[in-house]
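Visitor: Dropping the structure in here first, questions after.
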Amino acid sequence: MAPDDPSLEGLRTVFLEPIDVQGVLSVAAGESFRWQAHLRTVAAGECRRCLSPVATVVEDDVDVMFSSDPDLLDDPGVYEMPVNVVTLDLTTAIREETALRVPAFPLCRPDCKGFCPTCGADLNAGPCECTASGSTS
Ligand SMILES: [Zn+2]
Ligand SMILES: [Zn+2]
């Protein structure tokens, strides 16, 4: 699925690479299908500490159900499927399952120091004057 696919509109995430999905659809009990897939993409984000751009690899296995049984639809892992469906539209599931896996608050690196809350200096570039003197007073 292309990063600018219309079905991804409305998500706040910018995707840097296409969403690559490979999966198997199998028949399950009671008018249902089970979709087991692996998805991978790269999402753009901002480091929550220093606001620098971060590219996050989003890669995970998906295991969801499609069903037209209303009793099953209360389960968040079950997508609604029209009765007597001929072709199953996976775009909603791909959109939702991908969005679920994009980290809301990425870090550019685990030890990012971010900005000084006092003077706003980028502490990754080195200690600012207030952290140098403020930590001792
Ligand atoms: Zn950062
Ligand atoms: Zn400072």
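Simple scheme: letters A, B, ... for chains in structure tokens order, numbers from 1 for residues in each chain, numbers from 1 for ligands in the order shown.
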Neighbours of ligand 2 within 9 Å, counting only C-alpha atoms and all ligand atoms, as a list in words?
Guide: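 Result of the 9 Å neighbour search around ligand 2: Phe115, Cys116, Pro117, Thr118, Cys119, Gly120, Ala121, Asp122, Leu123, Pro127, Cys128, Glu129, Cys130, Thr131, Ala132 and Gly134 of chain A.
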Visitor: For Cys47 of chain A, please output as a PDB file with C-alpha atoms, in the first residue's frame all residues within 6 Å (counting only C-alpha atoms; exclusion window: fewer than 4 positions along the same chain).
Guide:
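Dumped to around_38.pdb:
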ATOM      1  CA  LEU A  51      11.675  17.387  18.200  1.00  0.00           C
ATOM      2  CA  SER A  52      14.174  16.218  15.629  1.00  0.00           C
ATOM      3  CA  PRO A 106       9.242   8.132  19.510  1.00  0.00           C
ATOM      4  CA  LEU A 107      12.719   9.040  20.650  1.00  0.00           C
ATOM      5  CA  CYS A 108      15.521   9.851  18.220  1.00  0.00           C
TER       6      CYS A 108
END
Visitor: Fewer than 4 positions away in the same chain doesn't count, so skip those; otherwise give me all residues within 9 Å of segment 22-39 of chain A, counting only C-alpha atoms, as a ChimeraX atom specification.
Guide: /A:58-69,81,83-84,94,97-98
Visitor: Suppose you want the space between atom CA of Gly10 of chain A and atom CA of Asp74 of chain A; what is it in Å?
Guide: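 Taking atom CA of Gly10 of chain A and atom CA of Asp74 of chain A, their separation equals 23.6 Å.
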Visitor: Expressed in Å to a single decimal, how great is the separation between atom CA of Thr91 of chain A and atom CA of Asp71 of chain A?
Guide: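 If I compute the distance from atom CA of Thr91 of chain A to atom CA of Asp71 of chain A, I get 22.7 Å.
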Visitor: I need the alpha helix (DSSP H) residues of segment 38-130 of chain A per DSSP on the backbone, written as number ranges by chain.
Guide: A: 91-101, 129-130
Visitor: Suppose you want the space between atom CA of Asp4 of chain A and atom 1 (Zn, counted along the ligand's line) of ligand 1; what is it in Å?
Guide: 26.5 Å
